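Asker: Contents of start.cif (mmCIF, C-alpha atoms) are below:
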```
data_start
loop_
_atom_site.label_atom_id
_atom_site.label_comp_id
_atom_site.auth_asym_id
_atom_site.auth_seq_id
_atom_site.Cartn_x
_atom_site.Cartn_y
_atom_site.Cartn_z
CA MET A 10 24.65 10.36 -7.32
CA ASN A 11 24.06 7.86 -4.51
CA GLU A 12 23.39 4.35 -5.76
CA LYS A 13 20.64 3.79 -3.21
CA ASP A 14 17.29 5.56 -3.15
CA TYR A 15 16.60 6.07 0.52
CA TYR A 16 13.00 7.11 -0.15
CA VAL A 17 12.30 3.83 -1.93
CA ILE A 18 14.04 1.90 0.86
CA LEU A 19 11.73 3.47 3.47
CA GLY A 20 8.69 3.34 1.18
CA ILE A 21 7.95 7.06 1.30
CA THR A 22 7.82 9.98 -1.13
CA ARG A 23 10.17 12.94 -1.08
CA SER A 24 7.50 15.13 0.49
CA GLU A 25 7.14 12.85 3.54
CA SER A 26 7.18 14.69 6.87
CA PRO A 27 9.81 13.98 9.57
CA ARG A 28 7.09 12.21 11.52
CA GLY A 29 6.32 10.00 8.49
CA VAL A 30 10.02 9.20 8.10
CA ARG A 31 10.17 8.05 11.75
CA SER A 32 7.00 5.99 11.39
CA ALA A 33 8.25 4.21 8.27
CA PHE A 34 11.61 3.53 9.91
CA ARG A 35 10.04 2.01 13.02
CA ASP A 36 7.75 -0.25 11.01
CA LEU A 37 10.57 -1.51 8.81
CA VAL A 38 12.99 -2.03 11.70
CA ARG A 39 10.45 -4.25 13.44
CA ARG A 40 9.96 -6.31 10.28
CA HIS A 41 13.58 -6.66 9.20
CA HIS A 42 15.53 -6.76 12.47
CA PRO A 43 17.85 -9.80 12.43
CA ASP A 44 16.26 -11.06 15.66
CA ARG A 45 13.03 -11.50 13.72
CA ALA A 46 14.08 -11.92 10.08
CA GLY A 47 17.30 -13.84 10.72
CA SER A 48 20.61 -13.31 8.96
CA ALA A 49 18.85 -13.06 5.58
CA GLY A 50 17.23 -9.80 6.72
CA ALA A 51 20.52 -8.16 7.76
CA PRO A 52 21.25 -6.38 4.43
CA ARG A 53 17.74 -4.94 4.29
CA PHE A 54 18.00 -3.89 7.94
CA ARG A 55 21.29 -2.08 7.30
CA ASP A 56 19.77 -0.25 4.31
CA VAL A 57 16.82 0.89 6.42
CA VAL A 58 19.11 2.20 9.17
CA GLU A 59 21.34 3.93 6.62
CA ALA A 60 18.34 5.56 4.93
CA TYR A 61 16.94 6.78 8.24
CA ARG A 62 20.24 8.32 9.34
CA VAL A 63 20.23 10.47 6.23
CA LEU A 64 16.54 11.35 5.91
CA SER A 65 16.02 12.05 9.62
CA ASP A 66 18.74 14.71 9.60
CA PRO A 67 17.49 17.93 7.94
CA ASP A 68 20.93 18.97 6.66
CA LYS A 69 21.84 15.51 5.34
CA ARG A 70 18.39 15.20 3.74
CA ARG A 71 18.74 18.51 1.89
CA GLU A 72 22.19 17.48 0.63
CA TYR A 73 20.89 14.06 -0.40
CA ASP A 74 17.88 15.54 -2.22
CA ALA A 75 20.22 17.78 -4.20
CA LYS A 76 22.27 14.76 -5.31
CA LEU A 77 19.19 12.64 -6.02
CA GLY A 78 17.94 14.90 -8.77
CA THR A 79 14.70 13.82 -10.45
CA ASP A 80 15.32 10.13 -11.06
CA VAL A 81 12.37 8.93 -8.98
CA SER A 82 8.98 9.80 -10.46
CA VAL A 83 5.50 9.75 -9.00
CA LEU A 84 2.69 8.89 -11.41
CA VAL A 85 -0.86 9.58 -10.30
CA ARG A 86 -3.20 7.39 -12.32
CA ARG A 87 -6.77 6.26 -11.97
CA PRO A 88 -7.84 2.61 -12.51
CA ALA A 89 -7.72 1.80 -16.22
CA PRO A 90 -10.04 -1.17 -16.90
CA GLY A 91 -10.13 -2.21 -20.52
CA ARG A 92 -6.80 -0.65 -21.45
CA PRO A 93 -4.67 -2.72 -23.84
CA GLY A 94 -1.74 -4.64 -22.42
CA GLU A 95 -1.08 -8.02 -20.93
CA ALA A 96 -2.34 -8.44 -17.36
CA PHE A 97 0.00 -9.41 -14.55
CA GLU A 98 -0.86 -11.99 -11.92
CA PRO A 99 -3.50 -10.55 -9.53
CA ILE A 100 -2.41 -9.40 -6.07
CA ASP A 101 -4.65 -9.86 -3.02
CA LEU A 102 -3.86 -7.04 -0.63
CA PHE A 103 -4.85 -8.84 2.56
CA ARG A 104 -3.33 -12.15 1.50
CA THR A 105 0.12 -10.65 1.07
CA PRO A 106 0.45 -8.77 4.39
CA ASP A 107 4.26 -8.55 4.20
CA SER A 108 3.94 -6.06 1.35
CA ILE A 109 1.73 -3.73 3.38
CA ARG A 110 3.22 -1.35 5.91
CA HIS A 111 0.26 -1.32 8.31
CA ALA A 112 -0.31 -3.91 11.01
CA GLU A 113 -2.85 -6.33 9.54
CA ASP A 114 -5.43 -6.02 12.35
CA ALA A 115 -5.26 -2.23 12.29
CA LEU A 116 -5.62 -2.25 8.51
CA HIS A 117 -8.70 -4.49 8.63
CA ASP A 118 -10.22 -2.17 11.24
CA ARG A 119 -9.50 0.91 9.17
CA PHE A 120 -11.05 -0.70 6.09
CA ALA A 121 -14.12 -1.73 8.05
CA ARG A 122 -14.74 1.77 9.37
CA ASN A 123 -15.44 2.93 5.84
CA PHE A 124 -18.50 0.69 5.71
CA MET A 125 -19.74 1.05 9.30
CA GLU A 126 -20.71 4.70 9.49
CA TRP A 127 -21.30 4.79 13.23
CA HIS A 128 -17.69 3.71 13.84
CA THR A 129 -16.06 6.23 11.51
CA PRO A 130 -14.34 9.11 13.33
CA LYS A 131 -15.25 12.37 11.62
CA GLY A 132 -11.70 13.66 11.82
CA GLU A 133 -9.94 10.52 10.58
CA HIS A 134 -7.26 11.59 8.14
CA LEU A 135 -6.35 10.05 4.82
CA GLU A 136 -3.39 7.65 4.91
CA PRO A 137 -1.45 5.82 2.21
CA LEU A 138 -1.64 2.04 1.85
CA LEU A 139 1.79 0.97 0.63
CA CYS A 140 2.20 -2.13 -1.52
CA ASP A 141 5.49 -3.34 -3.05
CA VAL A 142 5.35 -5.02 -6.47
CA ALA A 143 8.43 -6.74 -7.89
CA LEU A 144 8.62 -7.09 -11.69
CA THR A 145 11.19 -8.83 -13.84
CA PRO A 146 13.11 -6.62 -16.30
CA ALA A 147 11.02 -8.10 -19.14
CA GLU A 148 7.75 -7.29 -17.34
CA ALA A 149 8.93 -3.73 -16.64
CA ARG A 150 9.80 -3.21 -20.31
CA ARG A 151 6.47 -4.64 -21.45
CA GLY A 152 4.18 -2.92 -18.96
CA GLY A 153 0.57 -3.98 -18.68
CA VAL A 154 -2.36 -4.06 -16.29
CA LEU A 155 -1.83 -5.00 -12.66
CA PRO A 156 -5.04 -6.36 -11.07
CA LEU A 157 -5.26 -5.59 -7.35
CA ARG A 158 -7.98 -7.37 -5.39
CA ILE A 159 -9.40 -5.15 -2.69
CA PRO A 160 -11.77 -6.37 0.05
CA VAL A 161 -15.01 -4.46 0.59
CA LEU A 162 -18.01 -4.91 2.86
CA ASP A 163 -21.55 -4.85 1.47
CA PRO A 164 -24.83 -4.70 3.40
CA CYS A 165 -26.12 -8.20 4.03
CA THR A 166 -28.99 -8.85 1.62
CA THR A 167 -30.57 -11.41 3.95
CA CYS A 168 -31.02 -9.15 6.99
CA ARG A 169 -30.75 -5.89 5.02
CA GLY A 170 -27.83 -4.75 7.12
CA THR A 171 -29.55 -5.04 10.48
CA GLY A 172 -27.74 -8.19 11.66
CA HIS A 173 -31.00 -9.76 12.82
CA ILE A 174 -34.10 -11.37 11.33
CA ALA A 175 -37.30 -11.39 13.39
CA GLY A 176 -35.28 -10.94 16.57
CA PHE A 177 -32.77 -13.70 15.77
CA ARG A 178 -29.13 -13.42 14.71
CA CYS A 179 -28.62 -13.45 10.97
CA LEU A 180 -26.61 -16.57 10.25
CA VAL A 181 -25.48 -15.34 6.85
CA CYS A 182 -23.50 -12.38 8.22
CA ASP A 183 -23.22 -13.65 11.82
CA ALA A 184 -25.18 -10.59 13.02
CA TYR A 185 -22.52 -8.28 11.61
CA GLY A 186 -24.85 -6.67 9.06
CA ARG A 187 -22.20 -6.78 6.35
CA THR A 188 -20.82 -9.49 4.08
CA ALA A 189 -17.36 -9.55 2.58
CA SER A 190 -16.69 -9.37 -1.14
CA GLU A 191 -13.91 -8.01 -3.30
CA VAL A 192 -13.39 -5.62 -6.16
CA VAL A 193 -10.54 -5.50 -8.64
CA LEU A 194 -8.61 -2.31 -9.28
CA GLU A 195 -6.80 -2.56 -12.61
CA LEU A 196 -3.69 -0.43 -12.26
CA GLU A 197 -1.90 0.54 -15.45
CA VAL A 198 1.87 -0.05 -15.41
CA PRO A 199 3.44 2.00 -18.23
CA PRO A 200 5.98 0.20 -20.47
CA GLY A 201 9.59 0.84 -19.47
CA ILE A 202 8.66 1.97 -15.97
CA PRO A 203 11.83 2.83 -13.99
CA PRO A 204 12.56 1.07 -10.68
CA GLY A 205 11.27 2.96 -7.68
CA THR A 206 8.34 4.56 -9.50
CA ILE A 207 5.31 5.01 -7.27
CA VAL A 208 1.87 4.66 -8.84
CA GLU A 209 -1.03 5.97 -6.78
CA ALA A 210 -4.77 5.43 -7.06
CA SER A 211 -7.84 6.59 -5.17
CA LEU A 212 -10.10 4.00 -3.51
CA GLU A 213 -13.07 6.33 -3.05
CA ARG A 214 -15.13 4.80 -5.85
CA TRP A 215 -15.49 1.69 -3.65
CA GLY A 216 -16.43 3.62 -0.53
CA ILE A 217 -12.94 3.67 1.02
CA HIS A 218 -12.35 7.27 2.05
CA ASN A 219 -9.59 7.06 4.67
CA LEU A 220 -6.96 5.25 2.56
CA TRP A 221 -5.42 5.63 -0.85
CA LEU A 222 -3.30 3.05 -2.60
CA ARG A 223 0.40 3.67 -3.18
CA VAL A 224 2.10 0.96 -5.29
CA ARG A 225 5.90 1.03 -5.45
CA ILE A 226 7.30 -0.75 -8.50
CA GLY A 227 10.58 -2.62 -8.09
CA VAL A 228 12.53 -4.45 -10.80
CA VAL A 229 14.37 -7.60 -9.78
CA GLY A 230 16.31 -10.32 -11.56
#
```
Represent the structure of the file as structure tokens.
Answerer:
Amino acid sequence: MNEKDYYVILGITRSESPRGVRSAFRDLVRRHHPDRAGSAGAPRFRDVVEAYRVLSDPDKRREYDAKLGTDVSVLVRRPAPGRPGEAFEPIDLFRTPDSIRHAEDALHDRFARNFMEWHTPKGEHLEPLLCDVALTPAEARRGGVLPLRIPVLDPCTTCRGTGHIAGFRCLVCDAYGRTASEVVLELEVPPGIPPGTIVEASLERWGIHNLWLRVRIGVVG
């Protein structure tokens, strides 16, 4: 059994396509290259390169999958508000951009398209929004509820979504027709969750149809 989980290192699931493996590798290389991250990023950079060399080669990937066994699980859970358990500190998705594998501007644009119907491509496919969460061993043993703050756009109540009032720009929404707010997705983290577990949740209930949330749980310390 290899000590490193290359799928966790690249932030992908075992069913990821070769194209998805390449995409994850390129994103992580840009973020962790020593020219950008400095010497502190060198170990992470080497892990990313090592993982890609194995998972990008079909034969090496099949051999690695056979050795990996079933240690990494994928739990598909819906938001669980009101469930018992101590809550963790809330995470603001857009205020912690380093934990998200999309470029921030592109992510904002993709979010916005869910609420601006005339800008939404009909064929836009569903993509995962990856977020890393690091827990202490004690937190992992305890489990609890992880509040994730997600930005949404609501129609402006002043101009009723038109962006204008009596021919003038709406100053409340700056003629955008939408105002920003946030919702909280309460994600259940089961007690004793193993490192590398990926917990997924749909965002459709808040009108976000082109993204789903994929939270990778890491245990540190």
Asker: Box time for segment 27-45 of chain A: axis-aligned, enclosing all its listed atoms, 4 Å extra on each side; report centre and edge lengths in Å to one decimal, as AutoDock Vina command-line options.
Answerer:
```
--center_x 12.1 --center_y 1.2 --center_z 11.9 --size_x 19.5 --size_y 33.5 --size_z 15.6
```
Asker: For a quick check of understanding, using all atoms listed in the file, which of A:Pro137, A:Gly227, A:Gly153, A:Gly205 has the smallest distance to Asp14 of chain A?
Answerer: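 The closest residue to Asp14 of chain A is A:Gly205.
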Asker: At most 9 Å is the cut-off: for each residue in segment 108-211 of chain A with any atom that close to an atom of segment 16-21 of chain A, write down the nearest atom pair and the distance in Å rounded to one decimal, counting only C-alpha atoms, chain first then increasing number, as CSV.
Answerer:
```
residue,atom,partner,partner_atom,distance
A:Arg110,CA,A:Gly20,CA,8.6
A:Leu139,CA,A:Gly20,CA,7.3
A:Cys140,CA,A:Gly20,CA,8.9
A:Asp141,CA,A:Gly20,CA,8.5
A:Gly205,CA,A:Val17,CA,5.9
A:Thr206,CA,A:Val17,CA,8.6
A:Ile207,CA,A:Val17,CA,8.9
```
Asker: Need the shell around segment 182-192 of chain A: protein/DNA/RNA residues with any atom at most 10 Å away, counting only C-alpha atoms. Skip same-chain ones fewer than 5 positions apart. Format as a short mmCIF file (atom, residue, chain, number, x, y, z; two decimals) with C-alpha atoms, keeping the file's coordinate frame?
Answerer:
```
data_model
loop_
_atom_site.label_atom_id
_atom_site.label_comp_id
_atom_site.auth_asym_id
_atom_site.auth_seq_id
_atom_site.Cartn_x
_atom_site.Cartn_y
_atom_site.Cartn_z
CA ASP A 101 -4.65 -9.86 -3.02
CA ALA A 121 -14.12 -1.73 8.05
CA PHE A 124 -18.50 0.69 5.71
CA MET A 125 -19.74 1.05 9.30
CA PRO A 156 -5.04 -6.36 -11.07
CA LEU A 157 -5.26 -5.59 -7.35
CA ARG A 158 -7.98 -7.37 -5.39
CA ILE A 159 -9.40 -5.15 -2.69
CA PRO A 160 -11.77 -6.37 0.05
CA VAL A 161 -15.01 -4.46 0.59
CA LEU A 162 -18.01 -4.91 2.86
CA ASP A 163 -21.55 -4.85 1.47
CA PRO A 164 -24.83 -4.70 3.40
CA CYS A 165 -26.12 -8.20 4.03
CA THR A 166 -28.99 -8.85 1.62
CA THR A 167 -30.57 -11.41 3.95
CA CYS A 168 -31.02 -9.15 6.99
CA ARG A 169 -30.75 -5.89 5.02
CA GLY A 170 -27.83 -4.75 7.12
CA THR A 171 -29.55 -5.04 10.48
CA GLY A 172 -27.74 -8.19 11.66
CA HIS A 173 -31.00 -9.76 12.82
CA ILE A 174 -34.10 -11.37 11.33
CA PHE A 177 -32.77 -13.70 15.77
CA TRP A 215 -15.49 1.69 -3.65
#
```
Asker: What's the separation between atom CA of His42 of chain A and atom CA of Arg55 of chain A, in Å to one decimal place?
Answerer: 9.0 Å
Asker: Given only C-alpha atoms as the basis, pick out the residue of A:Ala51, A:Leu64, A:Pro43, A:Gly152 nearest to Ser26 of chain A.
Answerer: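 Looking only at the distances to Ser26 of chain A, the closest residue turns out to be A:Leu64.
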Asker: Taking 5 positions as the minimum chain separation for residues in the same chain, which residues sit within 10 Å of Ile202 of chain A when counting only C-alpha atoms? Answer as JSON, numbers by chain.
Answerer: {"A": [82, 146, 148, 149, 150, 151, 152, 207, 226, 227, 228]}
Asker: Could you write out that same residue set with C-alpha atoms as a PDB file, in the coordinates of the input?
Answerer:
```pdb
ATOM      1  CA  SER A  82       8.980   9.800 -10.460  1.00  0.00           C
ATOM      2  CA  PRO A 146      13.110  -6.620 -16.300  1.00  0.00           C
ATOM      3  CA  GLU A 148       7.750  -7.290 -17.340  1.00  0.00           C
ATOM      4  CA  ALA A 149       8.930  -3.730 -16.640  1.00  0.00           C
ATOM      5  CA  ARG A 150       9.800  -3.210 -20.310  1.00  0.00           C
ATOM      6  CA  ARG A 151       6.470  -4.640 -21.450  1.00  0.00           C
ATOM      7  CA  GLY A 152       4.180  -2.920 -18.960  1.00  0.00           C
ATOM      8  CA  ILE A 207       5.310   5.010  -7.270  1.00  0.00           C
ATOM      9  CA  ILE A 226       7.300  -0.750  -8.500  1.00  0.00           C
ATOM     10  CA  GLY A 227      10.580  -2.620  -8.090  1.00  0.00           C
ATOM     11  CA  VAL A 228      12.530  -4.450 -10.800  1.00  0.00           C
TER      12      VAL A 228
END
```
Asker: Rounded to one decimal place, report the atom CA of Ser48 of chain A-atom CA of Asp36 of chain A distance in Å.
Answerer: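 Atom CA of Ser48 of chain A sits 18.4 Å away from atom CA of Asp36 of chain A.
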Asker: What is the atom CA of Glu195 of chain A-atom CA of Leu155 of chain A distance in Å, reported with one decimal?
Answerer: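 One can read the atom CA of Glu195 of chain A to atom CA of Leu155 of chain A distance as 5.5 Å.
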Asker: Neighbourhood query: residues within 8 Å of (16.9, 10.6, 1.5), file coordinates, counting only C-alpha atoms; return as a VMD selection string.
Answerer: chain A and resid 14 to 16 23 60 to 61 63 to 64 69 to 70 73 to 74
Asker: Which one of A:Leu144, A:Leu135, A:Ile100, A:Leu196 sits closest to Trp221 of chain A if you count only C-alpha atoms?
Answerer: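 Going through A:Leu144, A:Leu135, A:Ile100, A:Leu196 one by one, the smallest distance to Trp221 of chain A is for A:Leu135.
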Asker: Running the PyMOL selection byres ((chain A and resi 220) around 7) on this model by hand, what would come out? Give it as number ranges by chain.
Answerer: A: 135-138, 212, 217-219, 221-222
Asker: Which is closest to Asn123 of chain A among A:Arg28, A:Arg223, A:Arg214, A:Arg40, if we use all atoms listed in the file?
Answerer: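 Closest to Asn123 of chain A of all the choices is A:Arg214.
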